[in-house]
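File shown: data.cif (mmCIF, C-alpha atoms, pLDDT in the B column; chains and numbers go by the auth columns).
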```cif
data_upload
#
loop_
_atom_site.group_PDB
_atom_site.id
_atom_site.type_symbol
_atom_site.label_atom_id
_atom_site.label_comp_id
_atom_site.label_asym_id
_atom_site.label_seq_id
_atom_site.Cartn_x
_atom_site.Cartn_y
_atom_site.Cartn_z
_atom_site.B_iso_or_equiv
_atom_site.auth_seq_id
_atom_site.auth_asym_id
ATOM 1 C CA MET A 1 0.000 0.000 0.000 62.00 220 Q
ATOM 2 C CA VAL A 2 1.367 3.394 -1.015 59.00 221 Q
ATOM 3 C CA LYS A 3 0.825 6.165 1.496 64.00 222 Q
ATOM 4 C CA SER A 4 -0.288 9.497 0.041 63.00 223 Q
ATOM 5 C CA TYR A 5 0.926 12.833 1.383 62.00 224 Q
ATOM 6 C CA PRO A 6 -1.463 15.490 0.056 71.00 225 Q
ATOM 7 C CA HIS A 7 0.436 18.372 1.678 77.00 226 Q
ATOM 8 C CA GLU A 8 4.104 17.507 1.305 78.00 227 Q
ATOM 9 C CA THR A 9 6.483 19.965 2.901 91.00 228 Q
ATOM 10 C CA PHE A 10 9.831 20.575 1.213 94.00 229 Q
ATOM 11 C CA VAL A 11 12.734 22.345 2.917 96.00 230 Q
ATOM 12 C CA HIS A 12 16.043 23.527 1.514 97.00 231 Q
ATOM 13 C CA SER A 13 18.900 21.431 2.808 97.00 232 Q
ATOM 14 C CA LYS A 14 22.398 20.106 2.021 98.00 233 Q
ATOM 15 C CA VAL A 15 22.567 16.366 1.303 98.00 234 Q
ATOM 16 C CA LYS A 16 25.018 13.639 0.339 96.00 235 Q
ATOM 17 C CA TYR A 17 24.607 12.567 -3.275 96.00 236 Q
ATOM 18 C CA THR A 18 25.796 9.031 -4.054 95.00 237 Q
ATOM 19 C CA LEU A 19 26.315 7.390 -7.414 93.00 238 Q
ATOM 20 C CA GLU A 20 27.755 4.061 -8.544 92.00 239 Q
ATOM 21 C CA LEU A 21 29.810 4.502 -11.706 88.00 240 Q
ATOM 22 C CA ASP A 22 32.058 1.864 -13.301 88.00 241 Q
ATOM 23 C CA ASP A 23 31.851 -0.277 -10.143 87.00 242 Q
ATOM 24 C CA LYS A 24 32.997 2.664 -8.002 87.00 243 Q
ATOM 25 C CA LEU A 25 30.905 4.465 -5.403 91.00 244 Q
ATOM 26 C CA ILE A 26 31.083 8.240 -5.742 92.00 245 Q
ATOM 27 C CA VAL A 27 29.935 10.506 -2.904 94.00 246 Q
ATOM 28 C CA VAL A 28 29.398 14.262 -3.233 95.00 247 Q
ATOM 29 C CA GLU A 29 28.811 16.085 0.049 96.00 248 Q
ATOM 30 C CA ASN A 30 26.946 19.326 0.757 97.00 249 Q
ATOM 31 C CA VAL A 31 24.758 19.251 -2.355 98.00 250 Q
ATOM 32 C CA PRO A 32 21.855 21.726 -2.226 98.00 251 Q
ATOM 33 C CA ALA A 33 18.451 20.044 -2.508 98.00 252 Q
ATOM 34 C CA ARG A 34 14.819 20.411 -1.592 97.00 253 Q
ATOM 35 C CA VAL A 35 13.968 17.565 0.797 96.00 254 Q
ATOM 36 C CA CYS A 36 10.426 16.346 1.533 93.00 255 Q
ATOM 37 C CA MET A 37 9.838 16.274 5.292 91.00 256 Q
ATOM 38 C CA GLU A 38 7.318 13.426 4.990 88.00 257 Q
ATOM 39 C CA THR A 39 9.083 11.057 2.565 90.00 258 Q
ATOM 40 C CA GLY A 40 12.748 12.114 2.446 93.00 259 Q
ATOM 41 C CA GLU A 41 12.556 12.545 -1.338 94.00 260 Q
ATOM 42 C CA GLN A 42 15.335 14.803 -2.647 96.00 261 Q
ATOM 43 C CA LEU A 43 14.791 17.233 -5.520 97.00 262 Q
ATOM 44 C CA PHE A 44 17.707 18.921 -7.299 98.00 263 Q
ATOM 45 C CA SER A 45 17.624 22.038 -9.467 97.00 264 Q
ATOM 46 C CA PRO A 46 18.691 21.660 -13.120 97.00 265 Q
ATOM 47 C CA GLU A 47 21.798 23.747 -12.355 98.00 266 Q
ATOM 48 C CA THR A 48 22.753 21.412 -9.494 98.00 267 Q
ATOM 49 C CA VAL A 49 22.288 18.337 -11.702 97.00 268 Q
ATOM 50 C CA GLU A 50 24.489 19.869 -14.417 95.00 269 Q
ATOM 51 C CA ARG A 51 27.188 20.698 -11.866 95.00 270 Q
ATOM 52 C CA LEU A 52 27.048 17.147 -10.440 95.00 271 Q
ATOM 53 C CA GLN A 53 27.419 15.713 -13.959 93.00 272 Q
ATOM 54 C CA ARG A 54 30.440 17.944 -14.680 92.00 273 Q
ATOM 55 C CA LEU A 55 32.006 17.103 -11.313 91.00 274 Q
ATOM 56 C CA VAL A 56 31.627 13.338 -11.766 88.00 275 Q
ATOM 57 C CA ALA A 57 32.722 13.363 -15.435 88.00 276 Q
ATOM 58 C CA GLY A 58 35.701 15.651 -14.825 83.00 277 Q
ATOM 59 C CA LYS A 59 39.100 14.864 -13.444 78.00 278 Q
ATOM 60 C CA THR A 60 38.580 16.872 -10.267 83.00 279 Q
ATOM 61 C CA ARG A 61 40.622 15.530 -7.369 88.00 280 Q
ATOM 62 C CA PRO A 62 38.372 14.343 -4.518 90.00 281 Q
ATOM 63 C CA LYS A 63 38.507 16.063 -1.137 92.00 282 Q
ATOM 64 C CA ARG A 64 39.081 12.689 0.547 93.00 283 Q
ATOM 65 C CA ILE A 65 38.843 8.957 -0.132 92.00 284 Q
ATOM 66 C CA MET A 66 36.478 6.705 1.857 92.00 285 Q
ATOM 67 C CA GLU A 67 36.727 2.956 2.362 91.00 286 Q
ATOM 68 C CA VAL A 68 33.323 1.332 1.844 89.00 287 Q
ATOM 69 C CA PRO A 69 32.390 -2.170 3.051 91.00 288 Q
ATOM 70 C CA VAL A 70 30.244 -4.193 0.643 89.00 289 Q
ATOM 71 C CA PHE A 71 27.876 -6.943 1.777 94.00 290 Q
ATOM 72 C CA GLU A 72 25.760 -9.398 -0.206 95.00 291 Q
ATOM 73 C CA PHE A 73 22.163 -9.748 0.960 95.00 292 Q
ATOM 74 C CA ALA A 74 21.538 -13.153 -0.701 87.00 293 Q
#
```
Please render this file's structure as structure tokens.
Amino acid sequence: MVKSYPHETFVHSKVKYTLELDDKLIVVENVPARVCMETGEQLFSPETVERLQRLVAGKTRPKRIMEVPVFEFA
């Protein structure tokens, strides 16, 4: 059953954006987004999406490297 939220409330916030690309996990911190208070859904402006695409596609040096454990659910 899908719960309906007729009056969703969105707030401006900074979030972590994660993406798996070529078997690598990429994390971008402090990304501006509108976040739904009821569902947690994150909405990004077209400008933010374009900047994320340029950042991920470019050769920008990351701020830091994280080690990520991987588990199999099966």
TODO: Let me know the residues the PyMOL selection byres ((chain Q and resi 257-263) around 12) catches in the file above, as a VMD selection string.
DONE: chain Q and resid 221 to 236 250 to 256 264 to 271
Just the selected residues (C-alpha atoms), exported as an mmCIF file, in the coordinates of the input, please.
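Output file result12.cif is given in full below:
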```cif
data_model
loop_
_atom_site.group_PDB
_atom_site.id
_atom_site.type_symbol
_atom_site.label_atom_id
_atom_site.label_comp_id
_atom_site.auth_asym_id
_atom_site.auth_seq_id
_atom_site.Cartn_x
_atom_site.Cartn_y
_atom_site.Cartn_z
ATOM 1 C CA VAL Q 221 1.367 3.394 -1.015
ATOM 2 C CA LYS Q 222 0.825 6.165 1.496
ATOM 3 C CA SER Q 223 -0.288 9.497 0.041
ATOM 4 C CA TYR Q 224 0.926 12.833 1.383
ATOM 5 C CA PRO Q 225 -1.463 15.490 0.056
ATOM 6 C CA HIS Q 226 0.436 18.372 1.678
ATOM 7 C CA GLU Q 227 4.104 17.507 1.305
ATOM 8 C CA THR Q 228 6.483 19.965 2.901
ATOM 9 C CA PHE Q 229 9.831 20.575 1.213
ATOM 10 C CA VAL Q 230 12.734 22.345 2.917
ATOM 11 C CA HIS Q 231 16.043 23.527 1.514
ATOM 12 C CA SER Q 232 18.900 21.431 2.808
ATOM 13 C CA LYS Q 233 22.398 20.106 2.021
ATOM 14 C CA VAL Q 234 22.567 16.366 1.303
ATOM 15 C CA LYS Q 235 25.018 13.639 0.339
ATOM 16 C CA TYR Q 236 24.607 12.567 -3.275
ATOM 17 C CA VAL Q 250 24.758 19.251 -2.355
ATOM 18 C CA PRO Q 251 21.855 21.726 -2.226
ATOM 19 C CA ALA Q 252 18.451 20.044 -2.508
ATOM 20 C CA ARG Q 253 14.819 20.411 -1.592
ATOM 21 C CA VAL Q 254 13.968 17.565 0.797
ATOM 22 C CA CYS Q 255 10.426 16.346 1.533
ATOM 23 C CA MET Q 256 9.838 16.274 5.292
ATOM 24 C CA SER Q 264 17.624 22.038 -9.467
ATOM 25 C CA PRO Q 265 18.691 21.660 -13.120
ATOM 26 C CA GLU Q 266 21.798 23.747 -12.355
ATOM 27 C CA THR Q 267 22.753 21.412 -9.494
ATOM 28 C CA VAL Q 268 22.288 18.337 -11.702
ATOM 29 C CA GLU Q 269 24.489 19.869 -14.417
ATOM 30 C CA ARG Q 270 27.188 20.698 -11.866
ATOM 31 C CA LEU Q 271 27.048 17.147 -10.440
#
```
Task: Within 12 Å of Val287 (chain Q) using all atoms listed in the file, minus same-chain residues under 5 positions, as an MDAnalysis selection string - done: chainID Q and resid 243:246
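Between CA of Glu248 (chain Q) and CA of Pro288 (chain Q) the separation is 18.8 Å.
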Open item on the list: Report, in Å to a single decimal, how far apart CA of Ala276 (chain Q) and CA of Val289 (chain Q) are.
Closed with: 23.9 Å
